[in-house]
Amino acid sequence: MDDTCEGCPLYSKSVAPTPPPLPGPATSYHRKGIVTNGSPLRGYSCVSISTKDLWERIFDSGYKADVIIYTDYDGIIYAHANVLGMASPVIKGMLKQSKFRARRRSLTIRGVPLDAVRVFVRFLYSSCYEKADMEDYVLHLLVLSHVFVVPLLKRECELQLEHGLLTNENVVDIFQLALLCDAPRLSLICHRMILRNFMTVSVSEGWKVMKRSHPVLEKELLESMIDEDNRQKERIRKLNERKIYLQLHEAMEALVHICRDGCRTIGPHDKDFKENQAPCTYAACKGLELLVRHFAGCKLRVPGKCIHCKRMWQLLELHSRLCANSDVCRVPLCRNFKDKIKKQSKKDEIKWRKLVEKILRTRSIGGAPFSSWALASPS
Ligand SMILES: [Zn+2]
Ligand SMILES: [Zn+2]
Ligand SMILES: [Zn+2]
């Protein structure tokens, strides 16, 4: 079987067709709902290469052409009114109003290179284009397909831009075109790309031109860049905050574990210290052990003067606030703090409650709730 006919319904009568390739120059155009040999195709069909070639020959030869298209720089393209009119409702309307010149109707398409118009008109005949032409004229084809209402080509331009033709150099131009041509998905993609590659895009030629011709758009882009920047900072701040709360939560778990089971060098105060314990799974233990040891032997007895002791006091108080059952808890001062909390000022109370809430919320995203910790002595 010929390579070019792979998946073509003309050759695959009984086998379920393979997913078709995207519309492109080598294959022909796919359309939904066509029935070949009485068997409905699954969503797609493709016309044979010879059909495509026939339509391109009709265009290239200009056989019995009845329309002349005038472009910039005295360019002329011959075409057929019935083909153009069927492919584009706008051209149909223009042809209706156009005057006959030498028994031919005339159309004028200006502001676009002759070759781009040729690629456009060729697409109206065969729904095909060459890859290189799309690369060269995608901007013009997007405009033409929008102006003359050829949705298939417009979609194709958007698709090609989205999948490779959009670059840091042309993204500002395409962004403006997408806004003008009512292509919301494309404009969103461009907008994202501009924000993502702002440093490169903002020194591109396209940006400089936009700055002169559309200062309002430039201002809007700069503002959205600042917004994005702030959002990014906020995301980082939240991530860091979450990290701190998770660390605190871990420290709380480790504290309960040290006081209940003992760990490495510290045993529970009411049990013998076992040398050969199972390896500890709490990452926070090491730091906490040092802190506990320091706390026990700190010479600087003045309250609030030693930052390490202050930290230990805070952890003990935090534990007490999170502890579900102080009566059976083995963490030192748990009960005392519970009593102290009752006499606390409103301001302190709010501050602590906020911290507790945040720790619990952070933990509830990915772990066991605090109340489920076994604070009581193991049986
Ligand atoms: Zn441990
Ligand atoms: Zn100290
Ligand atoms: Zn406790």
# chains A, B, ... in the order shown; residues from 1 in each chain; ligands from 1
$ residues_near_ligand --ligand "ligand 2" --cutoff "10 Å" --atoms "only C-alpha atoms and all ligand atoms" --output "ChimeraX atom specification"
/A:291-312
$ write_last_selection --atoms "C-alpha atoms" --output "PDB file, in the first residue's frame"
ATOM      1  CA  LEU A 291      16.963  21.817  72.788  1.00  0.00           C
ATOM      2  CA  VAL A 292      15.641  19.643  75.612  1.00  0.00           C
ATOM      3  CA  ARG A 293      19.167  19.003  76.874  1.00  0.00           C
ATOM      4  CA  HIS A 294      19.953  22.690  76.744  1.00  0.00           C
ATOM      5  CA  PHE A 295      16.723  23.549  78.511  1.00  0.00           C
ATOM      6  CA  ALA A 296      17.510  21.143  81.317  1.00  0.00           C
ATOM      7  CA  GLY A 297      20.944  22.570  81.919  1.00  0.00           C
ATOM      8  CA  CYS A 298      20.776  26.233  80.873  1.00  0.00           C
ATOM      9  CA  LYS A 299      22.694  28.491  83.230  1.00  0.00           C
ATOM     10  CA  LEU A 300      21.042  31.673  82.033  1.00  0.00           C
ATOM     11  CA  ARG A 301      18.078  31.535  84.320  1.00  0.00           C
ATOM     12  CA  VAL A 302      16.662  34.991  83.584  1.00  0.00           C
ATOM     13  CA  PRO A 303      13.270  34.471  81.895  1.00  0.00           C
ATOM     14  CA  GLY A 304      13.197  35.509  78.244  1.00  0.00           C
ATOM     15  CA  LYS A 305      16.939  36.117  78.034  1.00  0.00           C
ATOM     16  CA  CYS A 306      17.943  32.829  76.398  1.00  0.00           C
ATOM     17  CA  ILE A 307      16.530  32.371  72.916  1.00  0.00           C
ATOM     18  CA  HIS A 308      16.850  28.578  73.089  1.00  0.00           C
ATOM     19  CA  CYS A 309      14.942  28.326  76.336  1.00  0.00           C
ATOM     20  CA  LYS A 310      12.374  30.776  75.065  1.00  0.00           C
ATOM     21  CA  ARG A 311      11.878  28.505  72.058  1.00  0.00           C
ATOM     22  CA  MET A 312      11.432  25.499  74.355  1.00  0.00           C
TER      23      MET A 312
END
$ residues_near_ligand --ligand "ligand 1" --cutoff "7 Å" --atoms "only C-alpha atoms and all ligand atoms" --output "ChimeraX atom specification"
/A:254,257-258,262-264,280-282,285
$ residues_around --residues "A:Trp207" --least-positions-apart "5" --cutoff "9 Å" --atoms "only C-alpha atoms" --output "PyMOL selection string"
chain A and resi 169+171-173+201-202+212+218
$ write_last_selection --atoms "N, CA and C atoms" --output "mmCIF file, in the first residue's frame"
data_model
loop_
_atom_site.group_PDB
_atom_site.id
_atom_site.type_symbol
_atom_site.label_atom_id
_atom_site.label_comp_id
_atom_site.auth_asym_id
_atom_site.auth_seq_id
_atom_site.Cartn_x
_atom_site.Cartn_y
_atom_site.Cartn_z
ATOM 1 N N GLU A 169 9.921 36.356 19.606
ATOM 2 C CA GLU A 169 10.024 37.483 18.684
ATOM 3 C C GLU A 169 8.653 37.928 18.157
ATOM 4 N N VAL A 171 5.552 36.944 19.390
ATOM 5 C CA VAL A 171 4.399 36.759 20.276
ATOM 6 C C VAL A 171 3.611 38.064 20.522
ATOM 7 N N VAL A 172 4.312 39.193 20.539
ATOM 8 C CA VAL A 172 3.589 40.452 20.789
ATOM 9 C C VAL A 172 2.688 40.792 19.590
ATOM 10 N N ASP A 173 3.236 40.581 18.384
ATOM 11 C CA ASP A 173 2.432 40.822 17.173
ATOM 12 C C ASP A 173 1.224 39.892 17.146
ATOM 13 N N VAL A 201 10.863 38.926 25.827
ATOM 14 C CA VAL A 201 9.820 39.502 24.974
ATOM 15 C C VAL A 201 9.848 41.039 25.032
ATOM 16 N N SER A 202 10.128 41.567 26.211
ATOM 17 C CA SER A 202 10.043 43.023 26.368
ATOM 18 C C SER A 202 11.165 43.776 25.651
ATOM 19 N N ARG A 212 4.988 51.988 20.834
ATOM 20 C CA ARG A 212 4.703 53.231 20.108
ATOM 21 C C ARG A 212 3.249 53.286 19.637
ATOM 22 N N GLU A 218 0.461 48.195 26.097
ATOM 23 C CA GLU A 218 1.734 47.981 26.802
ATOM 24 C C GLU A 218 1.532 48.165 28.304
#
$ closest_residue --among "A:Asp60, A:Glu349, A:Glu228, A:Glu253" --to "A:Leu316" --atoms "only C-alpha atoms"
A:Glu253
$ closest_atom_pairs --of "stretch 203-296 of chain A" --to "stretch 350-359 of chain A" --cutoff "10 Å" --atoms "only C-alpha atoms" --output "tab-separated table"
residue	atom	partner	partner_atom	distance
A:Glu241	CA	A:Lys358	CA	9.4
A:Arg242	CA	A:Ile359	CA	8.3
A:Ile244	CA	A:Ile359	CA	8.9
A:Tyr245	CA	A:Ile359	CA	5.1
A:Leu246	CA	A:Ile359	CA	6.9
A:Gln247	CA	A:Ile359	CA	9.2
A:Leu248	CA	A:Ile359	CA	7.4
A:His249	CA	A:Ile359	CA	6.3
A:Glu250	CA	A:Ile359	CA	10.0
$ write_last_selection --atoms "C-alpha atoms" --output "PDB file, in the first residue's frame"
ATOM      1  CA  GLU A 241       4.601  29.659  55.700  1.00  0.00           C
ATOM      2  CA  ARG A 242       3.270  26.159  55.163  1.00  0.00           C
ATOM      3  CA  ILE A 244       7.160  26.507  58.904  1.00  0.00           C
ATOM      4  CA  TYR A 245       3.806  25.196  60.144  1.00  0.00           C
ATOM      5  CA  LEU A 246       4.684  21.707  58.987  1.00  0.00           C
ATOM      6  CA  GLN A 247       8.004  21.928  60.818  1.00  0.00           C
ATOM      7  CA  LEU A 248       6.203  23.075  63.944  1.00  0.00           C
ATOM      8  CA  HIS A 249       3.776  20.233  63.594  1.00  0.00           C
ATOM      9  CA  GLU A 250       6.630  17.773  63.256  1.00  0.00           C
TER      10      GLU A 250
END
$ atom_distance --atom1 "atom CA of A:Leu180" --atom2 "atom CA of A:Phe148"
13.8 Å
$ select_by_dssp --residues "stretch 104-135 of chain A" --states "strand (DSSP E)" --output "number ranges by chain"
A: 104-108
$ residues_near_ligand --ligand "ligand 3" --cutoff "12 Å" --atoms "only C-alpha atoms and all ligand atoms" --output "CSV table (one decimal) with C-alpha atoms, in the first residue's frame"
chain,number,residue,atom,x,y,z
A,252,MET,CA,5.1,18.7,68.2
A,253,GLU,CA,4.9,15.1,67.2
A,255,LEU,CA,8.1,16.2,71.4
A,256,VAL,CA,5.3,13.8,72.3
A,257,HIS,CA,7.3,10.9,71.1
A,259,CYS,CA,8.4,12.3,76.3
A,260,ARG,CA,6.5,9.1,75.8
A,315,LEU,CA,7.0,24.6,72.0
A,316,LEU,CA,5.8,23.4,75.4
A,317,GLU,CA,3.0,25.9,75.4
A,318,LEU,CA,2.1,25.1,71.8
A,319,HIS,CA,2.0,21.4,72.7
A,320,SER,CA,-0.4,22.1,75.6
A,321,ARG,CA,-2.7,24.0,73.3
A,322,LEU,CA,-2.8,21.2,70.9
A,323,CYS,CA,-2.9,18.4,73.4
A,324,ALA,CA,-6.2,16.6,73.6
A,325,ASN,CA,-5.8,15.1,77.0
A,326,SER,CA,-3.4,16.8,79.5
A,327,ASP,CA,-4.4,14.5,82.3
A,328,VAL,CA,-2.6,11.5,80.8
A,329,CYS,CA,0.0,13.5,78.8
A,330,ARG,CA,3.6,12.9,79.5
A,331,VAL,CA,4.9,16.2,78.1
A,332,PRO,CA,6.3,18.3,81.0
A,333,LEU,CA,4.2,21.3,82.1
A,334,CYS,CA,1.3,20.3,79.8
A,335,ARG,CA,-1.2,20.6,82.6
A,336,ASN,CA,0.4,23.8,84.0
A,337,PHE,CA,0.1,25.5,80.7
A,338,LYS,CA,-3.5,24.5,80.3
A,370,PHE,CA,-3.5,16.1,66.0
A,371,SER,CA,-6.2,14.7,68.3
A,373,TRP,CA,-2.0,11.2,68.5
A,374,ALA,CA,-1.7,8.7,71.3
A,375,LEU,CA,-0.6,11.0,74.0
A,376,ALA,CA,-1.3,8.5,76.8
A,377,SER,CA,1.3,6.1,77.9
$ select_by_dssp --residues "stretch 45-247 of chain A" --states "helix (DSSP H, G or I)" --output "PyMOL selection string"
chain A and resi 49-61+72-74+81-87+89-97+114-126+131-147+151-165+171-180+184-196+198-201+205-213+215-247
$ residues_around --residues "A:Val203" --least-positions-apart "4" --cutoff "12 Å" --atoms "only C-alpha atoms" --output "MDAnalysis selection string"
chainID A and resid 168:172 194 197:199 207:211
$ decode --residues "stretch 188-227 of chain A" --atoms "N, CA and C atoms" --output "PDB file, in the first residue's frame"
ATOM      1  N   LEU A 188      -4.909  34.232  24.936  1.00  0.00           N
ATOM      2  CA  LEU A 188      -4.552  33.784  26.285  1.00  0.00           C
ATOM      3  C   LEU A 188      -3.174  33.101  26.285  1.00  0.00           C
ATOM      4  N   ILE A 189      -2.962  32.275  25.268  1.00  0.00           N
ATOM      5  CA  ILE A 189      -1.669  31.579  25.169  1.00  0.00           C
ATOM      6  C   ILE A 189      -0.535  32.589  24.997  1.00  0.00           C
ATOM      7  N   CYS A 190      -0.782  33.602  24.135  1.00  0.00           N
ATOM      8  CA  CYS A 190       0.240  34.645  23.934  1.00  0.00           C
ATOM      9  C   CYS A 190       0.495  35.394  25.240  1.00  0.00           C
ATOM     10  N   HIS A 191      -0.596  35.738  25.910  1.00  0.00           N
ATOM     11  CA  HIS A 191      -0.478  36.502  27.149  1.00  0.00           C
ATOM     12  C   HIS A 191       0.383  35.743  28.158  1.00  0.00           C
ATOM     13  N   ARG A 192       0.108  34.458  28.286  1.00  0.00           N
ATOM     14  CA  ARG A 192       0.898  33.621  29.209  1.00  0.00           C
ATOM     15  C   ARG A 192       2.359  33.595  28.805  1.00  0.00           C
ATOM     16  N   MET A 193       2.577  33.460  27.495  1.00  0.00           N
ATOM     17  CA  MET A 193       3.955  33.370  27.011  1.00  0.00           C
ATOM     18  C   MET A 193       4.689  34.686  27.277  1.00  0.00           C
ATOM     19  N   ILE A 194       3.998  35.805  27.081  1.00  0.00           N
ATOM     20  CA  ILE A 194       4.618  37.106  27.325  1.00  0.00           C
ATOM     21  C   ILE A 194       5.025  37.219  28.794  1.00  0.00           C
ATOM     22  N   LEU A 195       4.132  36.819  29.684  1.00  0.00           N
ATOM     23  CA  LEU A 195       4.438  36.928  31.114  1.00  0.00           C
ATOM     24  C   LEU A 195       5.575  35.966  31.504  1.00  0.00           C
ATOM     25  N   ARG A 196       5.537  34.787  30.898  1.00  0.00           N
ATOM     26  CA  ARG A 196       6.540  33.773  31.250  1.00  0.00           C
ATOM     27  C   ARG A 196       7.936  34.188  30.790  1.00  0.00           C
ATOM     28  N   ASN A 197       7.993  34.773  29.576  1.00  0.00           N
ATOM     29  CA  ASN A 197       9.307  35.124  29.016  1.00  0.00           C
ATOM     30  C   ASN A 197       9.473  36.640  28.944  1.00  0.00           C
ATOM     31  N   PHE A 198       9.007  37.307  29.961  1.00  0.00           N
ATOM     32  CA  PHE A 198       8.913  38.762  29.889  1.00  0.00           C
ATOM     33  C   PHE A 198      10.240  39.440  29.554  1.00  0.00           C
ATOM     34  N   MET A 199      11.319  38.978  30.171  1.00  0.00           N
ATOM     35  CA  MET A 199      12.616  39.635  29.970  1.00  0.00           C
ATOM     36  C   MET A 199      13.012  39.624  28.488  1.00  0.00           C
ATOM     37  N   THR A 200      12.789  38.514  27.829  1.00  0.00           N
ATOM     38  CA  THR A 200      13.157  38.404  26.410  1.00  0.00           C
ATOM     39  C   THR A 200      12.148  39.146  25.539  1.00  0.00           C
ATOM     40  N   VAL A 201      10.863  38.926  25.827  1.00  0.00           N
ATOM     41  CA  VAL A 201       9.820  39.502  24.974  1.00  0.00           C
ATOM     42  C   VAL A 201       9.848  41.039  25.032  1.00  0.00           C
ATOM     43  N   SER A 202      10.128  41.567  26.211  1.00  0.00           N
ATOM     44  CA  SER A 202      10.043  43.023  26.368  1.00  0.00           C
ATOM     45  C   SER A 202      11.165  43.776  25.651  1.00  0.00           C
ATOM     46  N   VAL A 203      12.154  43.050  25.122  1.00  0.00           N
ATOM     47  CA  VAL A 203      13.185  43.731  24.319  1.00  0.00           C
ATOM     48  C   VAL A 203      13.040  43.378  22.831  1.00  0.00           C
ATOM     49  N   SER A 204      11.966  42.659  22.502  1.00  0.00           N
ATOM     50  CA  SER A 204      11.781  42.269  21.099  1.00  0.00           C
ATOM     51  C   SER A 204      11.307  43.468  20.276  1.00  0.00           C
ATOM     52  N   GLU A 205      11.484  43.337  18.964  1.00  0.00           N
ATOM     53  CA  GLU A 205      11.074  44.417  18.054  1.00  0.00           C
ATOM     54  C   GLU A 205       9.567  44.657  18.164  1.00  0.00           C
ATOM     55  N   GLY A 206       8.829  43.542  18.262  1.00  0.00           N
ATOM     56  CA  GLY A 206       7.362  43.628  18.365  1.00  0.00           C
ATOM     57  C   GLY A 206       6.922  44.463  19.556  1.00  0.00           C
ATOM     58  N   TRP A 207       7.616  44.300  20.656  1.00  0.00           N
ATOM     59  CA  TRP A 207       7.263  45.056  21.861  1.00  0.00           C
ATOM     60  C   TRP A 207       7.501  46.552  21.626  1.00  0.00           C
ATOM     61  N   LYS A 208       8.651  46.856  21.005  1.00  0.00           N
ATOM     62  CA  LYS A 208       8.984  48.274  20.761  1.00  0.00           C
ATOM     63  C   LYS A 208       7.921  48.920  19.886  1.00  0.00           C
ATOM     64  N   VAL A 209       7.487  48.192  18.855  1.00  0.00           N
ATOM     65  CA  VAL A 209       6.460  48.736  17.953  1.00  0.00           C
ATOM     66  C   VAL A 209       5.139  48.920  18.707  1.00  0.00           C
ATOM     67  N   MET A 210       4.788  47.929  19.494  1.00  0.00           N
ATOM     68  CA  MET A 210       3.533  48.031  20.260  1.00  0.00           C
ATOM     69  C   MET A 210       3.583  49.222  21.229  1.00  0.00           C
ATOM     70  N   LYS A 211       4.752  49.431  21.815  1.00  0.00           N
ATOM     71  CA  LYS A 211       4.925  50.533  22.770  1.00  0.00           C
ATOM     72  C   LYS A 211       4.583  51.867  22.101  1.00  0.00           C
ATOM     73  N   ARG A 212       4.988  51.988  20.834  1.00  0.00           N
ATOM     74  CA  ARG A 212       4.703  53.231  20.108  1.00  0.00           C
ATOM     75  C   ARG A 212       3.249  53.286  19.637  1.00  0.00           C
ATOM     76  N   SER A 213       2.758  52.164  19.102  1.00  0.00           N
ATOM     77  CA  SER A 213       1.442  52.216  18.464  1.00  0.00           C
ATOM     78  C   SER A 213       0.290  51.944  19.431  1.00  0.00           C
ATOM     79  N   HIS A 214       0.519  51.139  20.455  1.00  0.00           N
ATOM     80  CA  HIS A 214      -0.553  50.828  21.413  1.00  0.00           C
ATOM     81  C   HIS A 214      -0.057  50.965  22.848  1.00  0.00           C
ATOM     82  N   PRO A 215       0.233  52.204  23.265  1.00  0.00           N
ATOM     83  CA  PRO A 215       0.776  52.371  24.624  1.00  0.00           C
ATOM     84  C   PRO A 215      -0.168  51.840  25.707  1.00  0.00           C
ATOM     85  N   VAL A 216      -1.478  51.858  25.425  1.00  0.00           N
ATOM     86  CA  VAL A 216      -2.431  51.373  26.437  1.00  0.00           C
ATOM     87  C   VAL A 216      -2.249  49.869  26.648  1.00  0.00           C
ATOM     88  N   LEU A 217      -2.060  49.164  25.536  1.00  0.00           N
ATOM     89  CA  LEU A 217      -1.865  47.706  25.634  1.00  0.00           C
ATOM     90  C   LEU A 217      -0.571  47.404  26.385  1.00  0.00           C
ATOM     91  N   GLU A 218       0.461  48.195  26.097  1.00  0.00           N
ATOM     92  CA  GLU A 218       1.734  47.981  26.802  1.00  0.00           C
ATOM     93  C   GLU A 218       1.532  48.165  28.304  1.00  0.00           C
ATOM     94  N   LYS A 219       0.765  49.224  28.640  1.00  0.00           N
ATOM     95  CA  LYS A 219       0.513  49.500  30.062  1.00  0.00           C
ATOM     96  C   LYS A 219      -0.229  48.314  30.710  1.00  0.00           C
ATOM     97  N   GLU A 220      -1.217  47.810  29.985  1.00  0.00           N
ATOM     98  CA  GLU A 220      -1.984  46.682  30.519  1.00  0.00           C
ATOM     99  C   GLU A 220      -1.105  45.450  30.726  1.00  0.00           C
ATOM    100  N   LEU A 221      -0.217  45.226  29.762  1.00  0.00           N
ATOM    101  CA  LEU A 221       0.675  44.070  29.886  1.00  0.00           C
ATOM    102  C   LEU A 221       1.624  44.232  31.079  1.00  0.00           C
ATOM    103  N   LEU A 222       2.122  45.463  31.237  1.00  0.00           N
ATOM    104  CA  LEU A 222       3.018  45.710  32.362  1.00  0.00           C
ATOM    105  C   LEU A 222       2.278  45.494  33.682  1.00  0.00           C
ATOM    106  N   GLU A 223       1.025  45.958  33.708  1.00  0.00           N
ATOM    107  CA  GLU A 223       0.244  45.788  34.938  1.00  0.00           C
ATOM    108  C   GLU A 223       0.000  44.314  35.238  1.00  0.00           C
ATOM    109  N   SER A 224      -0.315  43.558  34.171  1.00  0.00           N
ATOM    110  CA  SER A 224      -0.567  42.135  34.443  1.00  0.00           C
ATOM    111  C   SER A 224       0.720  41.425  34.836  1.00  0.00           C
ATOM    112  N   MET A 225       1.855  41.951  34.336  1.00  0.00           N
ATOM    113  CA  MET A 225       3.147  41.387  34.743  1.00  0.00           C
ATOM    114  C   MET A 225       3.363  41.631  36.240  1.00  0.00           C
ATOM    115  N   ILE A 226       3.038  42.840  36.685  1.00  0.00           N
ATOM    116  CA  ILE A 226       3.201  43.157  38.114  1.00  0.00           C
ATOM    117  C   ILE A 226       2.268  42.272  38.952  1.00  0.00           C
ATOM    118  N   ASP A 227       1.016  42.114  38.464  1.00  0.00           N
ATOM    119  CA  ASP A 227       0.071  41.243  39.174  1.00  0.00           C
ATOM    120  C   ASP A 227       0.612  39.831  39.289  1.00  0.00           C
TER     121      ASP A 227
END
